[in-house]
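Colleague: Structure provided below as structure tokens; questions to follow.
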Amino acid sequence: MTQLKVPLRHYLQFTDLSTDEYAYILDRSKILKHKFKAYETWHPLHDRTLAMIFEKNSTRTRLSFEAGMFQLGGHAVYLNTRDTQLGRGEPVEDAAQVISRMTDIIMVRTFGQDILERFAANSRVPVINGLTNEFHPCQVLADIFTFHELRGDIAGKVVTWVGDANNMAYTWLQAARILNFQFHFSGPSSYPLDMSRISEAEAQHLKVFDNPVDACMGAHLVTTDVWTSMGFEKENQERLKAFADWIVDEQKMSVAQPDALFMHCLPAHRGEEVSSGVIDGPQSVVWEEAENRLHVQKALMEFLLCGQFN
Ligand code: CP
Ligand code: NVA
């Protein structure tokens, strides 16, 4: 039986952990990464099962959760909408009741955040957001760990987002408040941030720029993402036109700090949101960033199921 001592916690948005808990998770990610590289066996989740529910496509999220659970001594089960009863209209509340009686932890990739919240409200075990239309906290956690490894503490630094006001952008802004850095945002005026989703405390960490070059000035990290997220495919042609000036290219990187990093959660479209020169260039850390999904999610699952190891 799981959860004997650890109180039930979910990870539905970046705000679900405190600044101190992030400090612990970042330290722990480093330790687990070291164990992985050293082929050291570490099975705190022996006999535990992770259910992974996908209502949208994935490469990195599926692989990093599945491999991560295996490396921690547990087992992962992949479920998707196409061949489960979820795809035939079984209520998400009922699915959560059932799945959480057979497994120890659940990752969900779905559309609206409300679906994830309804799922979590009916789950007896921790639920992790594997991406919703609104947020992608595991990815931003991996990105911050990557920054931490390569450049140290992110507090006081400037992170610039060039492109769509999407799930990644809003998650970065939540992280800016919790980890105390500045978030510069620039996107076309026809696709603005929805200020009603941004708290006063978050707004203090946000600066919006009309011109993406201005947004990149002095940045320690420049990051972007696809212009059309999953679920918005019908808008693709219109978005290609609207976002054309928001490509992260060499000119924009040249005004950032000389040692600025470039990140992209992937998959990427070279020649759209990022030039080949940047994503395949010396400032890009996209492969380290992708790998780090594995390490931070192992730390997160271990934390949610076992609490802190001192
Ligand atoms: N970055 C990310 O979440 O990738 P996948 O869609 O491949 O999982
Ligand atoms: N914003 C993108 C991220 C993909 C990992 C999407 O939601 O499709």
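A note on labels: chains of the structure tokens are A, B, ... as shown, every chain counts residues from 1, and ligands are counted from 1 in their shown order.
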Within 9 Å of stretch 254-260 of chain A, which residues of stretch 208-231 of chain A show up? Give each one with its shortest atom-to-atom distance in Å (one decimal) and the two atoms involved, counting only C-alpha atoms, rows by chain then rising residue number, as CSV.

Modeller:
residue,atom,partner,partner_atom,distance
A:Val213,CA,A:Val255,CA,7.3
A:Asp214,CA,A:Val255,CA,8.3
A:Ala215,CA,A:Ala256,CA,8.9
A:Cys216,CA,A:Ala256,CA,5.3
A:Met217,CA,A:Ala256,CA,4.8
A:Gly218,CA,A:Ala256,CA,4.4
A:Ala219,CA,A:Ala256,CA,4.7
A:His220,CA,A:Ala260,CA,4.5
A:Leu221,CA,A:Ala260,CA,5.2
A:Val222,CA,A:Ala260,CA,7.1

Colleague: Neighbours of ligand 2 at 10 Å or closer, counting only C-alpha atoms and all ligand atoms: which residues, as a PyMOL selection string?

Modeller: chain A and resi 56-61+109-111+130-136+139+164-169+224-233+264-268

Colleague: As a list in words, please: the residues near A:Asn310 (cut-off 12 Å, only C-alpha atoms, same-chain neighbours under 5 positions excluded).

Modeller: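 Here the qualifying residues turn out to be Tyr24, Ile25, Asp27, Arg28, Ile31 and Phe303 of chain A.
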
Colleague: For the selection you just gave me, I'd like the residues written to a file as a PDB file, in the first residue's frame, keeping all heavy atoms.

Modeller:
ATOM      1  N   TYR A  24      15.002  21.693  -2.820  1.00  0.00           N
ATOM      2  CA  TYR A  24      15.220  20.266  -2.535  1.00  0.00           C
ATOM      3  C   TYR A  24      15.170  19.444  -3.830  1.00  0.00           C
ATOM      4  O   TYR A  24      16.044  18.610  -4.087  1.00  0.00           O
ATOM      5  CB  TYR A  24      14.171  19.752  -1.536  1.00  0.00           C
ATOM      6  CG  TYR A  24      14.231  18.242  -1.404  1.00  0.00           C
ATOM      7  CD1 TYR A  24      15.197  17.627  -0.621  1.00  0.00           C
ATOM      8  CD2 TYR A  24      13.348  17.429  -2.138  1.00  0.00           C
ATOM      9  CE1 TYR A  24      15.289  16.238  -0.536  1.00  0.00           C
ATOM     10  CE2 TYR A  24      13.437  16.044  -2.062  1.00  0.00           C
ATOM     11  CZ  TYR A  24      14.408  15.457  -1.265  1.00  0.00           C
ATOM     12  OH  TYR A  24      14.497  14.087  -1.207  1.00  0.00           O
ATOM     13  N   ILE A  25      14.143  19.684  -4.661  1.00  0.00           N
ATOM     14  CA  ILE A  25      13.968  18.884  -5.894  1.00  0.00           C
ATOM     15  C   ILE A  25      15.158  19.095  -6.839  1.00  0.00           C
ATOM     16  O   ILE A  25      15.615  18.147  -7.489  1.00  0.00           O
ATOM     17  CB  ILE A  25      12.648  19.266  -6.617  1.00  0.00           C
ATOM     18  CG1 ILE A  25      11.434  19.011  -5.713  1.00  0.00           C
ATOM     19  CG2 ILE A  25      12.521  18.573  -7.973  1.00  0.00           C
ATOM     20  CD1 ILE A  25      10.691  17.734  -5.901  1.00  0.00           C
ATOM     21  N   ASP A  27      18.268  19.847  -5.975  1.00  0.00           N
ATOM     22  CA  ASP A  27      19.403  19.096  -5.390  1.00  0.00           C
ATOM     23  C   ASP A  27      19.242  17.601  -5.638  1.00  0.00           C
ATOM     24  O   ASP A  27      20.174  16.895  -5.995  1.00  0.00           O
ATOM     25  CB  ASP A  27      19.439  19.274  -3.863  1.00  0.00           C
ATOM     26  CG  ASP A  27      20.133  20.549  -3.475  1.00  0.00           C
ATOM     27  OD1 ASP A  27      20.652  21.233  -4.374  1.00  0.00           O
ATOM     28  OD2 ASP A  27      20.132  20.849  -2.256  1.00  0.00           O
ATOM     29  N   ARG A  28      18.026  17.161  -5.418  1.00  0.00           N
ATOM     30  CA  ARG A  28      17.737  15.728  -5.552  1.00  0.00           C
ATOM     31  C   ARG A  28      17.880  15.274  -7.020  1.00  0.00           C
ATOM     32  O   ARG A  28      18.327  14.163  -7.289  1.00  0.00           O
ATOM     33  CB  ARG A  28      16.301  15.503  -5.045  1.00  0.00           C
ATOM     34  CG  ARG A  28      15.976  14.108  -4.730  1.00  0.00           C
ATOM     35  CD  ARG A  28      16.750  13.562  -3.552  1.00  0.00           C
ATOM     36  NE  ARG A  28      16.666  12.116  -3.595  1.00  0.00           N
ATOM     37  CZ  ARG A  28      17.525  11.286  -3.024  1.00  0.00           C
ATOM     38  NH1 ARG A  28      18.543  11.740  -2.316  1.00  0.00           N
ATOM     39  NH2 ARG A  28      17.362   9.986  -3.140  1.00  0.00           N
ATOM     40  N   ILE A  31      21.432  14.589  -7.663  1.00  0.00           N
ATOM     41  CA  ILE A  31      21.870  13.322  -7.054  1.00  0.00           C
ATOM     42  C   ILE A  31      21.380  12.137  -7.892  1.00  0.00           C
ATOM     43  O   ILE A  31      22.131  11.208  -8.197  1.00  0.00           O
ATOM     44  CB  ILE A  31      21.350  13.229  -5.594  1.00  0.00           C
ATOM     45  CG1 ILE A  31      22.066  14.269  -4.733  1.00  0.00           C
ATOM     46  CG2 ILE A  31      21.518  11.817  -5.017  1.00  0.00           C
ATOM     47  CD1 ILE A  31      21.438  14.495  -3.360  1.00  0.00           C
ATOM     48  N   PHE A 303       9.731  12.384  -4.549  1.00  0.00           N
ATOM     49  CA  PHE A 303       9.266  13.334  -3.526  1.00  0.00           C
ATOM     50  C   PHE A 303       7.775  13.123  -3.216  1.00  0.00           C
ATOM     51  O   PHE A 303       7.366  13.094  -2.054  1.00  0.00           O
ATOM     52  CB  PHE A 303       9.516  14.767  -4.017  1.00  0.00           C
ATOM     53  CG  PHE A 303       8.946  15.823  -3.129  1.00  0.00           C
ATOM     54  CD1 PHE A 303       9.575  16.140  -1.919  1.00  0.00           C
ATOM     55  CD2 PHE A 303       7.790  16.502  -3.462  1.00  0.00           C
ATOM     56  CE1 PHE A 303       9.038  17.116  -1.075  1.00  0.00           C
ATOM     57  CE2 PHE A 303       7.245  17.470  -2.634  1.00  0.00           C
ATOM     58  CZ  PHE A 303       7.878  17.776  -1.438  1.00  0.00           C
TER      59      PHE A 303
END

Colleague: Residues of stretch 65-116 of chain A in strand (DSSP E) according to DSSP, as a ChimeraX atom specification?

Modeller: /A:75-80,105-109

Colleague: Might you pull out every residue within 9 Å of A:Phe36, with only C-alpha atoms counted and same-chain residues fewer than 6 positions away left off, and present them as an mmCIF file with all heavy atoms, in the first residue's frame?

Modeller:
data_model
loop_
_atom_site.group_PDB
_atom_site.id
_atom_site.type_symbol
_atom_site.label_atom_id
_atom_site.label_comp_id
_atom_site.auth_asym_id
_atom_site.auth_seq_id
_atom_site.Cartn_x
_atom_site.Cartn_y
_atom_site.Cartn_z
ATOM 1 N N TRP A 42 18.983 2.310 -7.599
ATOM 2 C CA TRP A 42 18.253 3.075 -6.562
ATOM 3 C C TRP A 42 16.768 2.830 -6.812
ATOM 4 O O TRP A 42 16.206 3.323 -7.791
ATOM 5 C CB TRP A 42 18.617 4.560 -6.654
ATOM 6 C CG TRP A 42 17.803 5.440 -5.743
ATOM 7 C CD1 TRP A 42 16.919 6.404 -6.114
ATOM 8 C CD2 TRP A 42 17.804 5.442 -4.304
ATOM 9 N NE1 TRP A 42 16.366 7.013 -5.017
ATOM 10 C CE2 TRP A 42 16.886 6.435 -3.884
ATOM 11 C CE3 TRP A 42 18.477 4.690 -3.328
ATOM 12 C CZ2 TRP A 42 16.633 6.701 -2.538
ATOM 13 C CZ3 TRP A 42 18.213 4.970 -1.992
ATOM 14 C CH2 TRP A 42 17.311 5.962 -1.614
ATOM 15 N N GLN A 71 13.604 3.047 -13.686
ATOM 16 C CA GLN A 71 14.893 3.239 -13.007
ATOM 17 C C GLN A 71 14.729 3.370 -11.493
ATOM 18 O O GLN A 71 15.649 3.079 -10.726
ATOM 19 C CB GLN A 71 15.600 4.481 -13.572
ATOM 20 C CG GLN A 71 16.099 4.261 -14.997
ATOM 21 C CD GLN A 71 16.361 5.558 -15.738
ATOM 22 O OE1 GLN A 71 16.550 6.602 -15.133
ATOM 23 N NE2 GLN A 71 16.375 5.492 -17.067
ATOM 24 N N HIS A 295 15.534 13.262 -15.197
ATOM 25 C CA HIS A 295 16.082 13.391 -13.843
ATOM 26 C C HIS A 295 15.141 14.162 -12.905
ATOM 27 O O HIS A 295 14.950 13.773 -11.757
ATOM 28 C CB HIS A 295 17.469 14.036 -13.904
ATOM 29 C CG HIS A 295 18.366 13.347 -14.888
ATOM 30 N ND1 HIS A 295 18.676 12.009 -14.784
ATOM 31 C CD2 HIS A 295 18.968 13.786 -16.027
ATOM 32 C CE1 HIS A 295 19.456 11.655 -15.807
ATOM 33 N NE2 HIS A 295 19.640 12.715 -16.566
#

Colleague: Atom CA of A:Leu261 and atom 7 (O, counted along the ligand's line) of ligand 1 are how many Å apart?

Modeller: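 So the answer is 21.0 Å.
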
Colleague: Between atom CA of A:Leu193 and atom CA of A:Tyr170, what is the distance, to one decimal in Å?

Modeller: 8.3 Å

Colleague: Residues near A:Ile154, anyone? I mean within 10 Å using only C-alpha atoms, not counting same-chain ones fewer than 5 positions away, as number ranges by chain.

Modeller: A: 144-145, 147-148, 159, 176, 179-182, 220-221

Colleague: Run DSSP on the backbone of this structure and report the residues of stretch 23-214 of chain A it assigns to alpha helix (DSSP H), as JSON, numbers by chain.

Modeller: {"A": [23, 24, 25, 26, 27, 28, 29, 30, 31, 32, 33, 34, 35, 36, 37, 60, 61, 62, 63, 64, 65, 66, 67, 68, 69, 70, 71, 92, 93, 94, 95, 96, 97, 98, 99, 100, 101, 102, 113, 114, 115, 116, 117, 118, 119, 120, 121, 137, 138, 139, 140, 141, 142, 143, 144, 145, 146, 147, 148, 149, 150, 151, 167, 168, 169, 170, 171, 172, 173, 174, 175, 176, 177, 178, 179, 200, 201, 202, 203, 212, 213, 214]}

Colleague: Give me, as a ChimeraX atom specification, all polymer residues having an atom no more than 10 Å from A:Asp143, counting only C-alpha atoms and skipping those fewer than 5 positions away in the same chain.

Modeller: /A:137-138,148-149,172,223,263-265,285-286,288-290,292-293,296

Colleague: Residues at most 10 Å from A:Leu206, counting only C-alpha atoms, excluding those fewer than 5 positions away in the same chain, as a list of chain:residue names?

Modeller: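 Listing them by chain and then by number gives A:Val158, A:Val159, A:Thr160, A:Leu173, A:Ala176, A:Arg177, A:Phe181, A:Gln182, A:Phe183, A:His184, A:Phe185, A:Ile198, A:Glu200, A:Ala201.
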
Colleague: Write a file of the selected residues as a compact mmCIF listing (two decimals), in the first residue's frame, keeping all heavy atoms.

Modeller:
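Below is the file that was written, out31.txt:
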# COMPACT_ATOMS: atom_id res chain seq x y z
N VAL A 158 17.44 37.08 -15.96
CA VAL A 158 16.39 37.46 -16.90
C VAL A 158 16.17 36.31 -17.88
O VAL A 158 17.11 35.86 -18.55
CB VAL A 158 16.78 38.73 -17.69
CG1 VAL A 158 15.77 39.02 -18.81
CG2 VAL A 158 16.90 39.93 -16.75
N VAL A 159 14.93 35.84 -17.93
CA VAL A 159 14.54 34.79 -18.87
C VAL A 159 13.63 35.45 -19.91
O VAL A 159 12.63 36.08 -19.54
CB VAL A 159 13.77 33.65 -18.15
CG1 VAL A 159 13.22 32.65 -19.16
CG2 VAL A 159 14.67 32.96 -17.14
N THR A 160 13.99 35.33 -21.17
CA THR A 160 13.18 35.95 -22.23
C THR A 160 12.42 34.89 -23.01
O THR A 160 13.01 33.91 -23.48
CB THR A 160 14.08 36.75 -23.20
OG1 THR A 160 14.65 37.84 -22.47
CG2 THR A 160 13.27 37.30 -24.37
N LEU A 173 6.14 32.06 -16.16
CA LEU A 173 5.79 33.21 -15.34
C LEU A 173 5.49 32.78 -13.90
O LEU A 173 5.89 33.46 -12.95
CB LEU A 173 4.59 33.94 -15.96
CG LEU A 173 4.18 35.22 -15.26
CD1 LEU A 173 5.35 36.20 -15.12
CD2 LEU A 173 3.04 35.88 -16.02
N ALA A 176 8.81 32.32 -12.35
CA ALA A 176 9.52 33.59 -12.09
C ALA A 176 9.16 34.12 -10.71
O ALA A 176 10.03 34.61 -9.97
CB ALA A 176 9.17 34.61 -13.16
N ARG A 177 7.90 34.00 -10.34
CA ARG A 177 7.50 34.49 -9.01
C ARG A 177 8.09 33.60 -7.90
O ARG A 177 8.64 34.08 -6.93
CB ARG A 177 5.97 34.52 -8.87
CG ARG A 177 5.55 34.99 -7.49
CD ARG A 177 4.08 34.98 -7.26
NE ARG A 177 3.46 33.66 -7.22
CZ ARG A 177 3.53 32.80 -6.21
NH1 ARG A 177 4.25 33.09 -5.12
NH2 ARG A 177 2.92 31.64 -6.28
N PHE A 181 12.93 35.37 -10.44
CA PHE A 181 13.67 35.93 -11.58
C PHE A 181 12.72 36.79 -12.41
O PHE A 181 11.53 36.84 -12.14
CB PHE A 181 14.35 34.83 -12.41
CG PHE A 181 13.43 33.76 -12.95
CD1 PHE A 181 12.77 33.91 -14.17
CD2 PHE A 181 13.21 32.57 -12.24
CE1 PHE A 181 11.94 32.92 -14.67
CE2 PHE A 181 12.37 31.57 -12.74
CZ PHE A 181 11.73 31.76 -13.96
N GLN A 182 13.29 37.48 -13.41
CA GLN A 182 12.48 38.35 -14.27
C GLN A 182 12.12 37.61 -15.55
O GLN A 182 12.95 36.88 -16.11
CB GLN A 182 13.26 39.63 -14.62
CG GLN A 182 13.45 40.57 -13.45
CD GLN A 182 12.13 40.96 -12.79
OE1 GLN A 182 11.16 41.36 -13.45
NE2 GLN A 182 12.08 40.82 -11.46
N PHE A 183 10.91 37.81 -16.00
CA PHE A 183 10.43 37.14 -17.21
C PHE A 183 10.07 38.19 -18.24
O PHE A 183 9.17 39.01 -18.03
CB PHE A 183 9.20 36.28 -16.86
CG PHE A 183 8.68 35.46 -18.00
CD1 PHE A 183 9.47 34.48 -18.59
CD2 PHE A 183 7.39 35.65 -18.49
CE1 PHE A 183 8.98 33.70 -19.64
CE2 PHE A 183 6.90 34.89 -19.54
CZ PHE A 183 7.70 33.90 -20.11
N HIS A 184 10.83 38.22 -19.35
CA HIS A 184 10.53 39.12 -20.46
C HIS A 184 9.71 38.35 -21.49
O HIS A 184 10.11 37.24 -21.89
CB HIS A 184 11.83 39.61 -21.13
CG HIS A 184 12.59 40.58 -20.30
ND1 HIS A 184 13.71 41.23 -20.76
CD2 HIS A 184 12.39 41.04 -19.02
CE1 HIS A 184 14.17 42.03 -19.81
NE2 HIS A 184 13.40 41.92 -18.75
N PHE A 185 8.64 38.95 -21.94
CA PHE A 185 7.77 38.28 -22.91
C PHE A 185 7.61 39.16 -24.14
O PHE A 185 7.35 40.36 -24.03
CB PHE A 185 6.38 38.05 -22.29
CG PHE A 185 5.37 37.50 -23.26
CD1 PHE A 185 5.20 36.13 -23.41
CD2 PHE A 185 4.61 38.35 -24.06
CE1 PHE A 185 4.28 35.63 -24.32
CE2 PHE A 185 3.69 37.86 -24.98
CZ PHE A 185 3.53 36.49 -25.10
N ILE A 198 -3.00 36.29 -14.79
CA ILE A 198 -1.71 36.60 -14.15
C ILE A 198 -1.96 37.35 -12.84
O ILE A 198 -2.65 38.38 -12.83
CB ILE A 198 -0.86 37.44 -15.13
CG1 ILE A 198 -0.54 36.56 -16.36
CG2 ILE A 198 0.41 37.97 -14.47
CD1 ILE A 198 0.08 37.29 -17.51
N GLU A 200 -1.13 39.57 -9.38
CA GLU A 200 -0.33 40.79 -9.16
C GLU A 200 1.12 40.45 -8.84
O GLU A 200 2.04 41.11 -9.29
CB GLU A 200 -0.93 41.59 -8.00
CG GLU A 200 -1.80 42.73 -8.48
CD GLU A 200 -2.44 43.47 -7.33
OE1 GLU A 200 -1.72 43.87 -6.39
OE2 GLU A 200 -3.68 43.61 -7.35
N ALA A 201 1.27 39.42 -8.03
CA ALA A 201 2.63 39.02 -7.63
C ALA A 201 3.43 38.55 -8.86
O ALA A 201 4.62 38.84 -8.98
CB ALA A 201 2.57 37.92 -6.59
